[in-house]
There are 4 protein chains.
Amino acid sequence: MAPTGAKSGQGKKGLLERLDAGEVVIGDGGFVFALEKRGYVKAGPWTPEAAVENPEAVRQLHREFLRAGANVMQTFTFYASDDKLENRGQKVNEAACDIAREVANEGDALVAGGVSQTPSYLSCKSQSEVKGIFRKQLDVFIKKNVDFLIAEYFEHVEEAVWAVEVLKESGKPVAATLCIGTEGDLSGVPPGECAVRLAKAGASVVGVNCHFDPMTCVATVKLMKEGLVAANVKAHLMTQPLAYHTPDCGKQGFIDLPEFPFALEPRIVSRWDIHKYARAAYDLGVRYIGGCCGFEPYHTRAIAEELAPERRFLPPGSEKHGSWGSGLDMHTKPWVRARARRDYWENLKPASGRPYCPSMSKPDAWGVTKGHAELMQQKEATTEQQLKELFSKQSFKSH
Amino acid sequence: MAPTGAKSGQGKKGLLERLDAGEVVIGDGGFVFALEKRGYVKAGPWTPEAAVENPEAVRQLHREFLRAGANVMQTFTFYASDDKLENRGQKVNEAACDIAREVANEGDALVAGGVSQTPSYLSCKSQSEVKGIFRKQLDVFIKKNVDFLIAEYFEHVEEAVWAVEVLKESGKPVAATLCIGTEGDLSGVPPGECAVRLAKAGASVVGVNCHFDPMTCVATVKLMKEGLVAANVKAHLMTQPLAYHTPDCGKQGFIDLPEFPFALEPRIVSRWDIHKYARAAYDLGVRYIGGCCGFEPYHTRAIAEELAPERRFLPPGSEKHGSWGSGLDMHTKPWVRARARRDYWENLKPASGRPYCPSMSKPDAWGVTKGHAELMQQKEATTEQQLKELFSKQSFKSH
Amino acid sequence: MAPTGAKSGQGKKGLLERLDAGEVVIGDGGFVFALEKRGYVKAGPWTPEAAVENPEAVRQLHREFLRAGANVMQTFTFYASDDKLENRGQKVNEAACDIAREVANEGDALVAGGVSQTPSYLSCKSQSEVKGIFRKQLDVFIKKNVDFLIAEYFEHVEEAVWAVEVLKESGKPVAATLCIGTEGDLSGVPPGECAVRLAKAGASVVGVNCHFDPMTCVATVKLMKEGLVAANVKAHLMTQPLAYHTPDCGKQGFIDLPEFPFALEPRIVSRWDIHKYARAAYDLGVRYIGGCCGFEPYHTRAIAEELAPERRFLPPGSEKHGSWGSGLDMHTKPWVRARARRDYWENLKPASGRPYCPSMSKPDAWGVTKGHAELMQQKEATTEQQLKELFSKQSFKSH
Amino acid sequence: MAPTGAKSGQGKKGLLERLDAGEVVIGDGGFVFALEKRGYVKAGPWTPEAAVENPEAVRQLHREFLRAGANVMQTFTFYASDDKLENRGQKVNEAACDIAREVANEGDALVAGGVSQTPSYLSCKSQSEVKGIFRKQLDVFIKKNVDFLIAEYFEHVEEAVWAVEVLKESGKPVAATLCIGTEGDLSGVPPGECAVRLAKAGASVVGVNCHFDPMTCVATVKLMKEGLVAANVKAHLMTQPLAYHTPDCGKQGFIDLPEFPFALEPRIVSRWDIHKYARAAYDLGVRYIGGCCGFEPYHTRAIAEELAPERRFLPPGSEKHGSWGSGLDMHTKPWVRARARRDYWENLKPASGRPYCPSMSKPDAWGVTKGHAELMQQKEATTEQQLKELFSKQSFKSH
């Protein structure tokens, strides 16, 4: 077992040291969505080969999150398990670790290696097969000596527990987040019980990430906290929500929304929504507060600005940001200067500019779950014929 | 007079060569808004000192637009006139030119130097004073040998004509765009007449940029085209709209919307909106098709993808983008695979996820125009007392 | 020629006497829509045979409008021309006159006989044929000695002028309203010119009714007023708008909205919208202020309540209505009592309760106008085969 | 004890006879809201003195519901307990019974006498005092020999049980509906348990009325049914929902919505919403299907039309209504004729025409419940000073 953060952590407090001291740890934002918009990730496969192909783009995004106040550089290894990336997985994962470390060293940030749910689990592979996939990823994280590990984006707590069990083998601190809402995981396990299982499996930090909007994630972690308290199990709390409003999501999260992934724009949260989120999370006792898909650096900065009174410092990026709009006091037009104040932005109900669009959608959901033939992993892209069948199913629905 | 694009343009066709041949020239997107979100530009002053302070961030954004298919690298010199930046103006402008050239050389792009409306004009300074400011900026562009020049973001055609007259002194091609809508400039000159005046002053390309959404800009340029035809004056057409939906804008554009600049998220256009825009602009005869505030690289790529049949190539960035959502054919969930088709995205009316918000806003507008005391340039930030007065004026309005 | 209001008007001021004295004349509301909801009119044909079949229902609605403050009882003869009703026309029209007179005699109201546009005109019949139809209706109005006449609901000013010319033969005062918006009539005649033509043809009162929402109608009559002033022609002004919000209507009005006529509910205006309308109309100089489709008695009462300060009395119906919500001061719940005030209701932006619906629609419009085969009058209901063809045309549109 | 429906019921099946036979019994709609719009009821007190003051208006509305297919004429006695109406209560109640009977005799309808929650209960009066109030109303219903009794509009099941116990003394069938949603009554009793308590107290029919929209009411009665099944208690089911969309209601229902009662227009349900409601209620096993506030005769008719296949007849009012819009096949414009079909109306998402308004509201709720001083019954209207205090509390909220 490797000593935690040996060389790399020199001079830096580790994750648990911070959390145990009650410090806020700010997570970074979502890489796949941000890099998709910048042109380096392909929506659909969502794989992170950019770490090898366009390292400067990945590095730049890391730097922006660091500048925004993030204390964690998550290695850009989402969906980088070999069953997704086939044989390139290891090279990509190693490159991602190197970039994360390089940028983390430029500031007060730790490096976190992440694993997430596997197609193999959805295809009903055995526990040992699934664990084998996690272990292969973990080998890279150990070799590259990340500071801690995150098991994230799991729809089923059972698989997340397997991941935690593997990650714990490293001796490094493990955080675990499910992509679930208040209704619980896709097998029907309620959030409170999920939290207890993860903590008992060895996760020092538990919570949720992705799939739901910030306030839904806070509400879900509230249920987790209540479960932990009731079971008298201790764990730190963590939230890494979407930067999209999803009041109309079903149990399966934003992927089922008709707008996913190419028409989510009107749902993007503002920096002021993030202020409310950061405050609500903090007040609940969450201390690892970050973001996921949709989070851009300015969203992360808003967490750091909201919690600046507690933390007693602003992030570097705030050098270019007047808190609560105060930078507008130099604007040419007087009515724009009149927006240079907190209560203006706090109370504004922003218009969509889309009068022909609704404010909520009905999620797709074809009643298909783990183990169903339609969810089995395919090696090939869907064929024309298969797609046609899918399209005709779709057309029975009206959005 | 410097020869057009002498050293730099080696092996590349110039702007007019392309337009005269009927080729599409794709402009880049908005730097101030994109870099504000990334943490390098301060909203309010909106000045481009990042060219000096964080050149890697500026360079990366240029690269992303290039990768997305842009044929123009506009120097990041917005609001970089000395009356805004004081004495740092020249250094910033030179750095911005160098970065733009460096990236332009990596692909098929030209460098454009830009000037925009001056606080001096709004403060009623004389023609010669205002022209002096443009000339100072032009000196840098000549020294750095940009490929062509753009006079952009003018609310008053009178000032834009002065800018064109100065820029023409360089002998380089000049494009000129006003930030106006179908109602015309802020002095009431209709778009058709504006276009004629700009063309007669020497602009080879005329059109609009910023302030309004894509389809409004196309509608405005349609009026410009009709004015040119009626006056029998020739000019190429150009559109560089916002990437925000603004159906509720008044004459003064999106700055007056209550959401400007920190709550525009729900108005952000999708890539599919850009497909429609690019097609409409092309069909109108516009050949310089770009974007302004809110445009991210994926928006620019959507222009290139929509016009790929005409241009017969895709941009490098499309390597990471399945056209019309086709990349989703690999998605795990069948109902997401069913979204891998054009008519799905083309007809989707995306929900805002904000049921407590309206779809349109009433723009602010305090009846203040050029020459009014409240619009005079201030050296100092507005004082607390001044701001209080502004806030109380605001509170009479309800959004 | 019959003497104006001979027997009936005894003791009452006539229409022009009132308007010339600057008094407000409040019109009643829309009968076909109100009676459709009550079960006595069939949407589609919209014919008024209830005057004969269910006179008590028609009488009750008249009474409610009278109680609400209306000074005019329009005979329920909409679409009662013989080319619509065939041979029952005369009997229906006579019964409608009797009911209107009976209720008018119960209060301070005049009886108005109305004619509206004819299918014959749309089918390109000659002027003398069309005038013959109006004359047949006029015969009934003369026999029943109505107090004045209204030519209303004309899409083409040409036909309205013909109607005015016929109605003038009676010697009774004539009011004329087109169902047009700010763009003018369906032949492209602008509102100002329409008003001048109608006044020159002999209409003492001109304006608009139906097809557009209250504020659009006020805006249209503003253009009419400007036209009259410019031509130095005198006429009183009149508005009888829809009680539906129609910001998304095209030139042809609400019939083209996809919601017409069975899903207009979310567009129904509140009493507070009517307060604003009544004030705006009054301030413009309109003195005949009424309503059309969608107006229920409480809408009419709101006109009377808004203008009570000028008129110095409230209508009988206000006995059951606290002005500006003041009746809520007795409500059980304190937060409902807190709504008993003007600024609460004046500023409320009422929610639709329909998050899956948009706020605006694209009007249907198949580019068909007067004279087109598809608009020719049919004696028979559309056949199954014809309907199928229509449905398939429709399905190319998405709402 | 009077024999049930002695003289009056001659030739008619009683309520239970119908329900036991599996027949659908269609309830009427809401009188206070409909008559408020017609000018005969004052919002705030909501008392039914119109039965004495304007009997023809009450009679007409009864007739419209009868014509629309209603099988029940509820006496217009809402809030007619003496603690509300003081000494006029008995006279009003008797008049209301006579009118209901008169119209019921014109068709296949029964007369139902109704009692509802009392201010006395909210003011914490004793069980015997509250029961005394119900008994006083019951005396009138017995004297006038109504066919059955309804205890409706109760927020607390405890008070409803008291009402049922009193009404049962008459020997007539008793139906009981609470104005609750899926969260249960205001004391926290869940719907299933409420239903069991009401049935055990002697109600033959149980369900919900008012306060929530149709589909919420169906969902609530589903919970009631499950409770009854689980407890092995038998009762018929009944729904009389609002005709307003209320997805944003809290536990206390639509009264807390900021739009109550004067700006609910955009929430009014269409006839097509009622088709869906009637079908869903029927499919759940509900056989007493009616409406409450907001229901107009055309809504009631829509219940009868949706269930015409099961009942094998249409109501008289359908003589003036083409089912599913078929009456439009005679419309002049072809694109309106193209709306003469079921799938058009079934799938239409109607626009609000209000782009400046949201689609949902935050309900008011000041945390005040039964027994709180602010809810005690006041004899006097709230004073100016009291209102001012309320207004200032309100202004802390933004809608």
# chains A, B, ... in the order shown; residues from 1 in each chain; ligands from 1

call {"tool": "select_by_dssp", "arguments": {"residues": "range 73-138 of chain C", "states": "strand (DSSP E or B)", "output": "PDB file with C-alpha atoms, in the first residue's frame"}}
result
ATOM      1  CA  MET C  73     -77.727  45.593 -25.371  1.00  0.00           C
ATOM      2  CA  GLN C  74     -76.557  44.290 -28.702  1.00  0.00           C
ATOM      3  CA  LEU C 110     -79.898  51.262 -25.516  1.00  0.00           C
ATOM      4  CA  VAL C 111     -80.586  48.523 -28.040  1.00  0.00           C
ATOM      5  CA  ALA C 112     -78.159  48.101 -30.911  1.00  0.00           C
ATOM      6  CA  GLY C 113     -78.795  45.996 -33.973  1.00  0.00           C
ATOM      7  CA  GLY C 114     -75.704  44.511 -35.520  1.00  0.00           C
ATOM      8  CA  VAL C 115     -74.604  43.201 -38.891  1.00  0.00           C
ATOM      9  CA  SER C 116     -71.300  41.559 -39.596  1.00  0.00           C
TER      10      SER C 116
END

call {"tool": "residues_around", "arguments": {"residues": "range 254-269 of chain C", "least_positions_apart": "2", "cutoff": "6 Å", "atoms": "only C-alpha atoms", "output": "MDAnalysis selection string"}}
result
(chainID C and resid 211 243:245 249 273 363:364) or (chainID D and resid 265:268 270 350 352:353)

call {"tool": "residues_around", "arguments": {"residues": "range 22-38 of chain B", "least_positions_apart": "5", "cutoff": "8 Å", "atoms": "only C-alpha atoms", "output": "PyMOL selection string"}}
result
(chain A and resi 64+296-298+320) or (chain B and resi 15+43+46-48+57-58+61+65-66+69-74+76+78+240+287-297+300+303-304+311)

call {"tool": "residues_around", "arguments": {"residues": "Leu284 in chain C", "least_positions_apart": "2", "cutoff": "10 Å", "atoms": "only C-alpha atoms", "output": "list of chain:residue names"}}
result
C:Val218, C:Ala219, C:Val221, C:Lys222, C:Lys225, C:Leu237, C:Ala278, C:Arg279, C:Ala280, C:Ala281, C:Tyr282, C:Val286, C:Arg287

call {"tool": "atom_distance", "arguments": {"atom1": "CA of Ala195 in chain D", "atom2": "CA of Gln252 in chain D"}}
result
18.2 Å

call {"tool": "interface_residues", "arguments": {"of": "chain C", "to": "chain B", "cutoff": "12 Å", "atoms": "only C-alpha atoms", "output": "PDB file with N, CA and C atoms, in the first residue's frame"}}
result
ATOM      1  N   PRO C 247     -50.676  38.091 -27.819  1.00  0.00           N
ATOM      2  CA  PRO C 247     -49.465  38.773 -28.288  1.00  0.00           C
ATOM      3  C   PRO C 247     -48.868  38.093 -29.511  1.00  0.00           C
ATOM      4  N   ASP C 248     -49.282  36.863 -29.765  1.00  0.00           N
ATOM      5  CA  ASP C 248     -48.670  36.052 -30.812  1.00  0.00           C
ATOM      6  C   ASP C 248     -49.546  35.956 -32.062  1.00  0.00           C
ATOM      7  N   ASP C 343     -52.407  47.554  -5.176  1.00  0.00           N
ATOM      8  CA  ASP C 343     -51.077  47.314  -5.748  1.00  0.00           C
ATOM      9  C   ASP C 343     -50.735  45.827  -5.786  1.00  0.00           C
ATOM     10  N   GLU C 346     -52.544  44.729  -9.050  1.00  0.00           N
ATOM     11  CA  GLU C 346     -52.038  45.464 -10.210  1.00  0.00           C
ATOM     12  C   GLU C 346     -50.685  44.928 -10.670  1.00  0.00           C
ATOM     13  N   ASN C 347     -49.906  44.428  -9.731  1.00  0.00           N
ATOM     14  CA  ASN C 347     -48.542  44.009 -10.067  1.00  0.00           C
ATOM     15  C   ASN C 347     -48.352  42.509 -10.178  1.00  0.00           C
ATOM     16  N   LEU C 348     -49.376  41.771  -9.799  1.00  0.00           N
ATOM     17  CA  LEU C 348     -49.245  40.310  -9.853  1.00  0.00           C
ATOM     18  C   LEU C 348     -49.051  39.832 -11.296  1.00  0.00           C
ATOM     19  N   LYS C 349     -48.104  38.935 -11.465  1.00  0.00           N
ATOM     20  CA  LYS C 349     -47.931  38.262 -12.764  1.00  0.00           C
ATOM     21  C   LYS C 349     -48.496  36.862 -12.605  1.00  0.00           C
ATOM     22  N   PRO C 350     -49.713  36.626 -13.007  1.00  0.00           N
ATOM     23  CA  PRO C 350     -50.345  35.351 -12.668  1.00  0.00           C
ATOM     24  C   PRO C 350     -49.741  34.158 -13.406  1.00  0.00           C
ATOM     25  N   ALA C 351     -49.508  33.094 -12.661  1.00  0.00           N
ATOM     26  CA  ALA C 351     -48.939  31.865 -13.230  1.00  0.00           C
ATOM     27  C   ALA C 351     -50.011  31.093 -13.995  1.00  0.00           C
ATOM     28  N   SER C 352     -49.564  30.360 -14.998  1.00  0.00           N
ATOM     29  CA  SER C 352     -50.494  29.580 -15.822  1.00  0.00           C
ATOM     30  C   SER C 352     -50.829  28.232 -15.196  1.00  0.00           C
ATOM     31  N   GLY C 353     -50.012  27.772 -14.255  1.00  0.00           N
ATOM     32  CA  GLY C 353     -50.215  26.426 -13.741  1.00  0.00           C
ATOM     33  C   GLY C 353     -49.973  25.347 -14.789  1.00  0.00           C
ATOM     34  N   ARG C 354     -49.350  25.718 -15.884  1.00  0.00           N
ATOM     35  CA  ARG C 354     -49.130  24.783 -17.007  1.00  0.00           C
ATOM     36  C   ARG C 354     -47.659  24.768 -17.409  1.00  0.00           C
ATOM     37  N   PRO C 355     -46.815  24.155 -16.607  1.00  0.00           N
ATOM     38  CA  PRO C 355     -45.388  24.196 -16.930  1.00  0.00           C
ATOM     39  C   PRO C 355     -45.001  23.435 -18.190  1.00  0.00           C
ATOM     40  N   TYR C 356     -45.872  22.601 -18.696  1.00  0.00           N
ATOM     41  CA  TYR C 356     -45.538  21.859 -19.918  1.00  0.00           C
ATOM     42  C   TYR C 356     -46.017  22.573 -21.179  1.00  0.00           C
ATOM     43  N   CYS C 357     -46.568  23.764 -20.992  1.00  0.00           N
ATOM     44  CA  CYS C 357     -47.089  24.524 -22.133  1.00  0.00           C
ATOM     45  C   CYS C 357     -46.238  25.773 -22.360  1.00  0.00           C
ATOM     46  N   PRO C 358     -46.216  26.246 -23.591  1.00  0.00           N
ATOM     47  CA  PRO C 358     -45.452  27.466 -23.900  1.00  0.00           C
ATOM     48  C   PRO C 358     -46.264  28.703 -23.532  1.00  0.00           C
ATOM     49  N   SER C 359     -45.676  29.879 -23.714  1.00  0.00           N
ATOM     50  CA  SER C 359     -46.460  31.084 -23.466  1.00  0.00           C
ATOM     51  C   SER C 359     -46.940  31.729 -24.766  1.00  0.00           C
ATOM     52  N   MET C 360     -46.380  31.329 -25.877  1.00  0.00           N
ATOM     53  CA  MET C 360     -46.893  31.842 -27.147  1.00  0.00           C
ATOM     54  C   MET C 360     -46.990  30.687 -28.156  1.00  0.00           C
ATOM     55  N   SER C 361     -47.838  30.883 -29.162  1.00  0.00           N
ATOM     56  CA  SER C 361     -48.016  29.887 -30.224  1.00  0.00           C
ATOM     57  C   SER C 361     -47.760  30.527 -31.585  1.00  0.00           C
ATOM     58  N   PHE C 396     -48.238  18.648 -41.013  1.00  0.00           N
ATOM     59  CA  PHE C 396     -46.888  19.113 -41.340  1.00  0.00           C
ATOM     60  C   PHE C 396     -46.413  20.188 -40.369  1.00  0.00           C
ATOM     61  N   LYS C 397     -47.379  20.765 -39.679  1.00  0.00           N
ATOM     62  CA  LYS C 397     -47.021  21.794 -38.723  1.00  0.00           C
ATOM     63  C   LYS C 397     -46.792  21.169 -37.357  1.00  0.00           C
ATOM     64  N   SER C 398     -45.891  21.736 -36.605  1.00  0.00           N
ATOM     65  CA  SER C 398     -45.805  21.316 -35.208  1.00  0.00           C
ATOM     66  C   SER C 398     -46.109  22.526 -34.350  1.00  0.00           C
ATOM     67  N   HIS C 399     -46.909  22.310 -33.345  1.00  0.00           N
ATOM     68  CA  HIS C 399     -47.227  23.434 -32.439  1.00  0.00           C
ATOM     69  C   HIS C 399     -46.268  23.407 -31.277  1.00  0.00           C
TER      70      HIS C 399
END

call {"tool": "atom_distance", "arguments": {"atom1": "CA of Leu328 in chain B", "atom2": "CA of Pro45 in chain A"}}
result
7.5 Å

call {"tool": "select_by_dssp", "arguments": {"residues": "range 158-242 of chain C", "states": "helix (DSSP H, G or I)", "output": "VMD selection string"}}
result
chain C and resid 158 to 168 191 to 201 214 to 231

call {"tool": "write_last_selection", "arguments": {"atoms": "N, CA and C atoms", "output": "tab-separated table (two decimals), in the first residue's frame"}}
result
chain	number	residue	atom	x	y	z
C	158	GLU	N	-63.72	47.48	-47.20
C	158	GLU	CA	-64.63	47.66	-48.33
C	158	GLU	C	-66.04	47.14	-48.00
C	159	GLU	N	-66.10	45.94	-47.43
C	159	GLU	CA	-67.41	45.39	-47.10
C	159	GLU	C	-68.06	46.19	-45.97
C	160	ALA	N	-67.23	46.64	-45.02
C	160	ALA	CA	-67.77	47.43	-43.91
C	160	ALA	C	-68.38	48.73	-44.41
C	161	VAL	N	-67.75	49.33	-45.38
C	161	VAL	CA	-68.30	50.56	-45.96
C	161	VAL	C	-69.65	50.27	-46.60
C	162	TRP	N	-69.76	49.16	-47.30
C	162	TRP	CA	-71.06	48.77	-47.89
C	162	TRP	C	-72.12	48.64	-46.79
C	163	ALA	N	-71.71	48.01	-45.70
C	163	ALA	CA	-72.66	47.82	-44.60
C	163	ALA	C	-73.10	49.16	-44.03
C	164	VAL	N	-72.14	50.04	-43.81
C	164	VAL	CA	-72.48	51.37	-43.28
C	164	VAL	C	-73.44	52.08	-44.23
C	165	GLU	N	-73.16	51.99	-45.49
C	165	GLU	CA	-74.03	52.65	-46.46
C	165	GLU	C	-75.48	52.14	-46.37
C	166	VAL	N	-75.62	50.86	-46.20
C	166	VAL	CA	-76.96	50.30	-46.05
C	166	VAL	C	-77.59	50.76	-44.74
C	167	LEU	N	-76.84	50.63	-43.66
C	167	LEU	CA	-77.41	50.96	-42.34
C	167	LEU	C	-77.81	52.43	-42.25
C	168	LYS	N	-77.04	53.28	-42.92
C	168	LYS	CA	-77.36	54.72	-42.90
C	168	LYS	C	-78.73	55.00	-43.49
C	191	PRO	N	-55.04	51.07	-40.59
C	191	PRO	CA	-56.14	51.45	-39.70
C	191	PRO	C	-56.59	52.90	-39.88
C	192	GLY	N	-55.63	53.80	-40.03
C	192	GLY	CA	-56.00	55.21	-40.16
C	192	GLY	C	-56.90	55.44	-41.37
C	193	GLU	N	-56.54	54.82	-42.47
C	193	GLU	CA	-57.34	55.00	-43.68
C	193	GLU	C	-58.70	54.30	-43.55
C	194	CYS	N	-58.70	53.14	-42.91
C	194	CYS	CA	-59.97	52.44	-42.66
C	194	CYS	C	-60.93	53.35	-41.92
C	195	ALA	N	-60.42	53.99	-40.87
C	195	ALA	CA	-61.28	54.84	-40.05
C	195	ALA	C	-61.86	55.98	-40.88
C	196	VAL	N	-61.02	56.56	-41.70
C	196	VAL	CA	-61.49	57.68	-42.53
C	196	VAL	C	-62.57	57.21	-43.50
C	197	ARG	N	-62.35	56.07	-44.12
C	197	ARG	CA	-63.36	55.58	-45.07
C	197	ARG	C	-64.69	55.31	-44.40
C	198	LEU	N	-64.63	54.70	-43.20
C	198	LEU	CA	-65.86	54.38	-42.49
C	198	LEU	C	-66.61	55.64	-42.07
C	199	ALA	N	-65.86	56.61	-41.58
C	199	ALA	CA	-66.49	57.86	-41.16
C	199	ALA	C	-67.09	58.58	-42.36
C	200	LYS	N	-66.35	58.59	-43.45
C	200	LYS	CA	-66.88	59.25	-44.66
C	200	LYS	C	-68.13	58.54	-45.19
C	201	ALA	N	-68.19	57.24	-44.97
C	201	ALA	CA	-69.37	56.49	-45.42
C	201	ALA	C	-70.58	56.75	-44.54
C	214	PRO	N	-57.13	43.33	-25.65
C	214	PRO	CA	-57.51	44.71	-25.35
C	214	PRO	C	-56.44	45.74	-25.72
C	215	MET	N	-55.19	45.52	-25.32
C	215	MET	CA	-54.20	46.56	-25.56
C	215	MET	C	-53.85	46.68	-27.05
C	216	THR	N	-53.93	45.59	-27.79
C	216	THR	CA	-53.72	45.66	-29.24
C	216	THR	C	-54.85	46.49	-29.87
C	217	CYS	N	-56.05	46.29	-29.38
C	217	CYS	CA	-57.18	47.06	-29.93
C	217	CYS	C	-57.01	48.55	-29.64
C	218	VAL	N	-56.54	48.87	-28.45
C	218	VAL	CA	-56.31	50.28	-28.13
C	218	VAL	C	-55.23	50.84	-29.06
C	219	ALA	N	-54.19	50.06	-29.29
C	219	ALA	CA	-53.12	50.52	-30.18
C	219	ALA	C	-53.64	50.73	-31.61
C	220	THR	N	-54.54	49.87	-32.03
C	220	THR	CA	-55.10	49.99	-33.38
C	220	THR	C	-55.99	51.23	-33.49
C	221	VAL	N	-56.80	51.44	-32.46
C	221	VAL	CA	-57.67	52.62	-32.50
C	221	VAL	C	-56.84	53.90	-32.40
C	222	LYS	N	-55.69	53.82	-31.75
C	222	LYS	CA	-54.79	54.98	-31.74
C	222	LYS	C	-54.38	55.35	-33.17
C	223	LEU	N	-54.08	54.33	-33.96
C	223	LEU	CA	-53.74	54.59	-35.37
C	223	LEU	C	-54.95	55.15	-36.11
C	224	MET	N	-56.13	54.63	-35.80
C	224	MET	CA	-57.35	55.15	-36.44
C	224	MET	C	-57.52	56.63	-36.10
C	225	LYS	N	-57.33	56.94	-34.83
C	225	LYS	CA	-57.49	58.34	-34.40
C	225	LYS	C	-56.51	59.25	-35.15
C	226	GLU	N	-55.27	58.79	-35.25
C	226	GLU	CA	-54.27	59.59	-35.96
C	226	GLU	C	-54.67	59.81	-37.42
C	227	GLY	N	-55.24	58.75	-38.02
C	227	GLY	CA	-55.71	58.87	-39.40
C	227	GLY	C	-56.83	59.88	-39.52
C	228	LEU	N	-57.75	59.85	-38.60
C	228	LEU	CA	-58.89	60.78	-38.62
C	228	LEU	C	-58.40	62.22	-38.45
C	229	VAL	N	-57.49	62.40	-37.51
C	229	VAL	CA	-56.96	63.74	-37.26
C	229	VAL	C	-56.24	64.25	-38.50
C	230	ALA	N	-55.41	63.40	-39.08
C	230	ALA	CA	-54.65	63.81	-40.26
C	230	ALA	C	-55.58	64.18	-41.41
C	231	ALA	N	-56.71	63.46	-41.52
C	231	ALA	CA	-57.64	63.73	-42.63
C	231	ALA	C	-58.70	64.77	-42.25

call {"tool": "atom_distance", "arguments": {"atom1": "CA of Trp335 in chain C", "atom2": "CA of Gly250 in chain D"}}
result
14.3 Å

call {"tool": "residues_around", "arguments": {"residues": "range 171-182 of chain D", "least_positions_apart": "4", "cutoff": "8 Å", "atoms": "only C-alpha atoms", "output": "MDAnalysis selection string"}}
result
chainID D and resid 1:4 15:16 147:157 160 164 167 186 190:191 198 202:212 216:217 219:220 223 238:239 251:253

call {"tool": "decode", "arguments": {"residues": "range 353-368 of chain B", "atoms": "C-alpha atoms", "output": "tab-separated table (two decimals), in the first residue's frame"}}
result
chain	number	residue	atom	x	y	z
B	353	GLY	CA	-36.50	24.05	-16.14
B	354	ARG	CA	-37.58	27.32	-14.52
B	355	PRO	CA	-41.33	27.23	-13.92
B	356	TYR	CA	-41.18	30.23	-11.61
B	357	CYS	CA	-39.63	32.44	-14.28
B	358	PRO	CA	-41.27	34.19	-17.23
B	359	SER	CA	-40.27	33.73	-20.84
B	360	MET	CA	-39.83	37.40	-21.64
B	361	SER	CA	-38.69	40.50	-19.72
B	362	LYS	CA	-39.36	44.19	-20.03
B	363	PRO	CA	-36.10	45.94	-20.95
B	364	ASP	CA	-34.85	48.74	-18.77
B	365	ALA	CA	-34.67	52.03	-20.57
B	366	TRP	CA	-34.59	55.27	-18.76
B	367	GLY	CA	-35.02	57.42	-21.80
B	368	VAL	CA	-31.39	58.45	-21.73
